[in-house]
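Here the structure comes first, spelled out in structure tokens, and everything after it is commentary.
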Amino acid sequence: QLQLVESGGGLVQPGGSLRLSCAVSGGTLDNLDIGWFRQAPGEEREGVSCFRSSGGTTYSTDSVKGRFTISRDNAKNTVYLQIDSLKPVDTGVYYCAAQHYVFGACVLPIIKSNYRFWGQGTQVTVST
């Protein structure tokens, strides 16, 4: 069974940076599309970035372009989300999600229904 575990969240001041990790077990990144999502309090879960297994293409939503960078380390079976220039509106729980590459989950828009497997989330709080 595929499992995803997020880590790296925390409390950070505006303008700071974080690198979130998504460790994958029970499967290999070579066969998986991975997406990062976030959910602010009282809001819907929204997709922010994804990594397409086939070809290594990445996508990010317009609201985070230039600040969020998704990458992966196949040797560690881990996907990262680098977040720079953090803003209070970035506060929320960040989730990674996976789907087998044949389903073509990583497309724009990045939608949660495309992904079958989910981690438990990691909290990011941006505040002074």
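If you're wondering about the labels, chains in the structure tokens are A, B, ... by order shown, residues count from 1 in each chain, ligands from 1 in order shown.
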(message) Report as a PyMOL selection string all protein, DNA and RNA residues lying within 8 Å of A:Ser53, evaluated on only C-alpha atoms, omitting residues in the same chain fewer than 5 positions from it.
(response) chain A and resi 29-34+101
(request) For stretch 75-87 of chain A, please output as an NGL selection string all residues within 8 Å (counting only C-alpha atoms; exclusion window: fewer than 6 positions along the same chain). (result) :A and (12-25 or 28-29 or 34 or 36 or 67-69 or 126)
Could you write those residues out with N, CA and C atoms, as a PDB file, in the first residue's frame?
```pdb
ATOM      1  N   VAL A  12       6.837  30.290  10.720  1.00  0.00           N
ATOM      2  CA  VAL A  12       7.870  31.088  10.069  1.00  0.00           C
ATOM      3  C   VAL A  12       7.373  32.510   9.900  1.00  0.00           C
ATOM      4  N   GLN A  13       8.276  33.452   9.922  1.00  0.00           N
ATOM      5  CA  GLN A  13       7.907  34.851   9.741  1.00  0.00           C
ATOM      6  C   GLN A  13       7.682  35.163   8.265  1.00  0.00           C
ATOM      7  N   PRO A  14       6.878  36.159   7.979  1.00  0.00           N
ATOM      8  CA  PRO A  14       6.702  36.573   6.580  1.00  0.00           C
ATOM      9  C   PRO A  14       8.048  36.878   5.929  1.00  0.00           C
ATOM     10  N   GLY A  15       8.169  36.435   4.694  1.00  0.00           N
ATOM     11  CA  GLY A  15       9.421  36.603   3.974  1.00  0.00           C
ATOM     12  C   GLY A  15      10.375  35.443   4.121  1.00  0.00           C
ATOM     13  N   GLY A  16      10.086  34.549   5.042  1.00  0.00           N
ATOM     14  CA  GLY A  16      10.956  33.402   5.259  1.00  0.00           C
ATOM     15  C   GLY A  16      10.726  32.293   4.256  1.00  0.00           C
ATOM     16  N   SER A  17      11.430  31.182   4.460  1.00  0.00           N
ATOM     17  CA  SER A  17      11.354  30.033   3.553  1.00  0.00           C
ATOM     18  C   SER A  17      11.173  28.741   4.341  1.00  0.00           C
ATOM     19  N   LEU A  18      10.602  27.779   3.665  1.00  0.00           N
ATOM     20  CA  LEU A  18      10.477  26.429   4.211  1.00  0.00           C
ATOM     21  C   LEU A  18      10.681  25.440   3.081  1.00  0.00           C
ATOM     22  N   ARG A  19      11.160  24.273   3.426  1.00  0.00           N
ATOM     23  CA  ARG A  19      11.178  23.175   2.466  1.00  0.00           C
ATOM     24  C   ARG A  19      10.384  22.017   3.056  1.00  0.00           C
ATOM     25  N   LEU A  20       9.301  21.711   2.415  1.00  0.00           N
ATOM     26  CA  LEU A  20       8.469  20.591   2.826  1.00  0.00           C
ATOM     27  C   LEU A  20       8.929  19.327   2.113  1.00  0.00           C
ATOM     28  N   SER A  21       8.826  18.211   2.809  1.00  0.00           N
ATOM     29  CA  SER A  21       9.203  16.924   2.235  1.00  0.00           C
ATOM     30  C   SER A  21       8.004  15.991   2.218  1.00  0.00           C
ATOM     31  N   CYS A  22       7.981  15.149   1.222  1.00  0.00           N
ATOM     32  CA  CYS A  22       6.957  14.119   1.099  1.00  0.00           C
ATOM     33  C   CYS A  22       7.677  12.805   0.828  1.00  0.00           C
ATOM     34  N   ALA A  23       7.799  11.989   1.857  1.00  0.00           N
ATOM     35  CA  ALA A  23       8.473  10.705   1.722  1.00  0.00           C
ATOM     36  C   ALA A  23       7.472   9.643   1.290  1.00  0.00           C
ATOM     37  N   VAL A  24       7.809   8.943   0.225  1.00  0.00           N
ATOM     38  CA  VAL A  24       6.906   7.945  -0.358  1.00  0.00           C
ATOM     39  C   VAL A  24       7.428   6.542  -0.070  1.00  0.00           C
ATOM     40  N   SER A  25       6.542   5.671   0.372  1.00  0.00           N
ATOM     41  CA  SER A  25       6.888   4.265   0.566  1.00  0.00           C
ATOM     42  C   SER A  25       5.804   3.398  -0.060  1.00  0.00           C
ATOM     43  N   THR A  28       7.290   3.656  -6.172  1.00  0.00           N
ATOM     44  CA  THR A  28       8.451   4.388  -6.638  1.00  0.00           C
ATOM     45  C   THR A  28       8.030   5.635  -7.393  1.00  0.00           C
ATOM     46  N   LEU A  29       8.788   6.702  -7.224  1.00  0.00           N
ATOM     47  CA  LEU A  29       8.455   7.963  -7.874  1.00  0.00           C
ATOM     48  C   LEU A  29       8.486   7.845  -9.394  1.00  0.00           C
ATOM     49  N   ILE A  34       3.000  13.279  -8.505  1.00  0.00           N
ATOM     50  CA  ILE A  34       2.872  13.783  -7.142  1.00  0.00           C
ATOM     51  C   ILE A  34       2.356  15.218  -7.179  1.00  0.00           C
ATOM     52  N   TRP A  36       1.178  18.672  -4.681  1.00  0.00           N
ATOM     53  CA  TRP A  36       1.136  19.343  -3.385  1.00  0.00           C
ATOM     54  C   TRP A  36      -0.123  20.201  -3.334  1.00  0.00           C
ATOM     55  N   ARG A  67       7.502  31.501  -6.367  1.00  0.00           N
ATOM     56  CA  ARG A  67       7.781  31.324  -4.935  1.00  0.00           C
ATOM     57  C   ARG A  67       7.822  29.857  -4.516  1.00  0.00           C
ATOM     58  N   PHE A  68       7.072  29.020  -5.194  1.00  0.00           N
ATOM     59  CA  PHE A  68       7.010  27.592  -4.874  1.00  0.00           C
ATOM     60  C   PHE A  68       7.759  26.806  -5.944  1.00  0.00           C
ATOM     61  N   THR A  69       8.594  25.890  -5.497  1.00  0.00           N
ATOM     62  CA  THR A  69       9.332  25.041  -6.424  1.00  0.00           C
ATOM     63  C   THR A  69       9.208  23.593  -5.987  1.00  0.00           C
ATOM     64  N   VAL A 126       2.437  31.170   8.879  1.00  0.00           N
ATOM     65  CA  VAL A 126       3.257  32.340   8.561  1.00  0.00           C
ATOM     66  C   VAL A 126       2.717  33.506   9.373  1.00  0.00           C
TER      67      VAL A 126
END
```
(message) I need the residue nearest A:Val5 from this list: A:Ser71, A:Gln39, A:Thr122, A:Ser113. Use only C-alpha atoms for the distance.
(response)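 For A:Val5, the nearest of the given residues is A:Thr122.
If you measure from each of A:Val102, A:Leu11, A:Val89, A:Ile111 to A:Thr61 using only C-alpha atoms, the closest one turns out to be A:Ile111.
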(request) Name the closest residue to A:Arg116 among the candidates A:Gly56, A:Gly35, A:Gly66, A:Pro88; distances are taken between atoms, counting only C-alpha atoms. (result)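 The shortest atom-to-atom distance to A:Arg116 comes from A:Gly35.
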(request) Might you pull out every residue within 8 Å of A:Val93, with only C-alpha atoms counted and same-chain residues fewer than 3 positions away left off, and present them as a count of residues only? (result) 7
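Going from atom CA of A:Pro41 to atom CA of A:Lys112 covers 17.0 Å.
In this structure, atom CA of A:Tyr115 sits 15.8 Å away from atom CA of A:Ser54.
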Can you list, as a PDB file with C-alpha atoms, in the first residue's frame, every protein, DNA or RNA residue that comes within 10 Å of A:Val107 when you count only C-alpha atoms, leaving out same-chain residues fewer than 3 positions away?
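around21.pdb, written as the output of this step:
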```
ATOM      1  CA  ASP A  33       2.565  11.755 -10.338  1.00  0.00           C
ATOM      2  CA  GLY A  35       0.884  16.845  -6.210  1.00  0.00           C
ATOM      3  CA  SER A  49       2.225  22.322  -7.572  1.00  0.00           C
ATOM      4  CA  CYS A  50       2.658  18.932  -9.146  1.00  0.00           C
ATOM      5  CA  PHE A  51       5.359  16.753 -10.646  1.00  0.00           C
ATOM      6  CA  ARG A  52       4.567  14.571 -13.630  1.00  0.00           C
ATOM      7  CA  THR A  57       7.247  18.166 -16.124  1.00  0.00           C
ATOM      8  CA  THR A  58       6.182  20.383 -13.238  1.00  0.00           C
ATOM      9  CA  TYR A  59       3.246  22.737 -12.873  1.00  0.00           C
ATOM     10  CA  SER A  60       2.366  25.410 -10.361  1.00  0.00           C
ATOM     11  CA  GLY A 104      -2.144  11.648 -15.953  1.00  0.00           C
ATOM     12  CA  ILE A 110      -4.228  20.824 -10.128  1.00  0.00           C
ATOM     13  CA  ILE A 111      -7.298  19.189  -8.661  1.00  0.00           C
ATOM     14  CA  ASN A 114      -7.077  13.400  -9.675  1.00  0.00           C
TER      15      ASN A 114
END
```
(request) Report the residues of stretch 84-120 of chain A whose backbone DSSP state falls under strand (DSSP E), written as a ChimeraX atom specification. (result) /A:92-100,117-118
Please dump the current selection as a PDB file, in the first residue's frame; keep N, CA, C and O atoms.
```
ATOM      1  N   GLY A  92      -1.576  27.278   6.343  1.00  0.00           N
ATOM      2  CA  GLY A  92      -2.515  26.190   6.129  1.00  0.00           C
ATOM      3  C   GLY A  92      -1.836  24.854   6.329  1.00  0.00           C
ATOM      4  O   GLY A  92      -0.653  24.783   6.650  1.00  0.00           O
ATOM      5  N   VAL A  93      -2.611  23.810   6.115  1.00  0.00           N
ATOM      6  CA  VAL A  93      -2.051  22.459   6.153  1.00  0.00           C
ATOM      7  C   VAL A  93      -1.678  22.075   4.721  1.00  0.00           C
ATOM      8  O   VAL A  93      -2.488  22.210   3.804  1.00  0.00           O
ATOM      9  N   TYR A  94      -0.467  21.606   4.569  1.00  0.00           N
ATOM     10  CA  TYR A  94       0.043  21.228   3.254  1.00  0.00           C
ATOM     11  C   TYR A  94       0.060  19.711   3.146  1.00  0.00           C
ATOM     12  O   TYR A  94       0.586  19.022   4.035  1.00  0.00           O
ATOM     13  N   TYR A  95      -0.509  19.228   2.061  1.00  0.00           N
ATOM     14  CA  TYR A  95      -0.624  17.796   1.818  1.00  0.00           C
ATOM     15  C   TYR A  95       0.092  17.429   0.520  1.00  0.00           C
ATOM     16  O   TYR A  95       0.039  18.188  -0.455  1.00  0.00           O
ATOM     17  N   CYS A  96       0.712  16.257   0.519  1.00  0.00           N
ATOM     18  CA  CYS A  96       1.141  15.709  -0.757  1.00  0.00           C
ATOM     19  C   CYS A  96       0.210  14.558  -1.119  1.00  0.00           C
ATOM     20  O   CYS A  96      -0.406  13.937  -0.239  1.00  0.00           O
ATOM     21  N   ALA A  97       0.109  14.316  -2.400  1.00  0.00           N
ATOM     22  CA  ALA A  97      -0.802  13.303  -2.911  1.00  0.00           C
ATOM     23  C   ALA A  97      -0.161  12.614  -4.108  1.00  0.00           C
ATOM     24  O   ALA A  97       0.692  13.202  -4.780  1.00  0.00           O
ATOM     25  N   ALA A  98      -0.588  11.397  -4.370  1.00  0.00           N
ATOM     26  CA  ALA A  98       0.019  10.620  -5.448  1.00  0.00           C
ATOM     27  C   ALA A  98      -1.043   9.872  -6.247  1.00  0.00           C
ATOM     28  O   ALA A  98      -2.135   9.559  -5.741  1.00  0.00           O
ATOM     29  N   GLN A  99      -0.680   9.634  -7.492  1.00  0.00           N
ATOM     30  CA  GLN A  99      -1.516   8.802  -8.346  1.00  0.00           C
ATOM     31  C   GLN A  99      -0.598   8.136  -9.357  1.00  0.00           C
ATOM     32  O   GLN A  99       0.431   8.700  -9.761  1.00  0.00           O
ATOM     33  N   HIS A 100      -0.952   6.943  -9.761  1.00  0.00           N
ATOM     34  CA  HIS A 100      -0.161   6.239 -10.766  1.00  0.00           C
ATOM     35  C   HIS A 100      -0.109   7.068 -12.046  1.00  0.00           C
ATOM     36  O   HIS A 100      -1.111   7.656 -12.461  1.00  0.00           O
ATOM     37  N   PHE A 117      -3.963   8.795  -3.442  1.00  0.00           N
ATOM     38  CA  PHE A 117      -3.261   8.552  -2.184  1.00  0.00           C
ATOM     39  C   PHE A 117      -2.845   9.879  -1.565  1.00  0.00           C
ATOM     40  O   PHE A 117      -2.316  10.753  -2.261  1.00  0.00           O
ATOM     41  N   TRP A 118      -3.019   9.979  -0.238  1.00  0.00           N
ATOM     42  CA  TRP A 118      -2.783  11.246   0.455  1.00  0.00           C
ATOM     43  C   TRP A 118      -1.984  11.026   1.718  1.00  0.00           C
ATOM     44  O   TRP A 118      -2.132   9.995   2.399  1.00  0.00           O
TER      45      TRP A 118
END
```
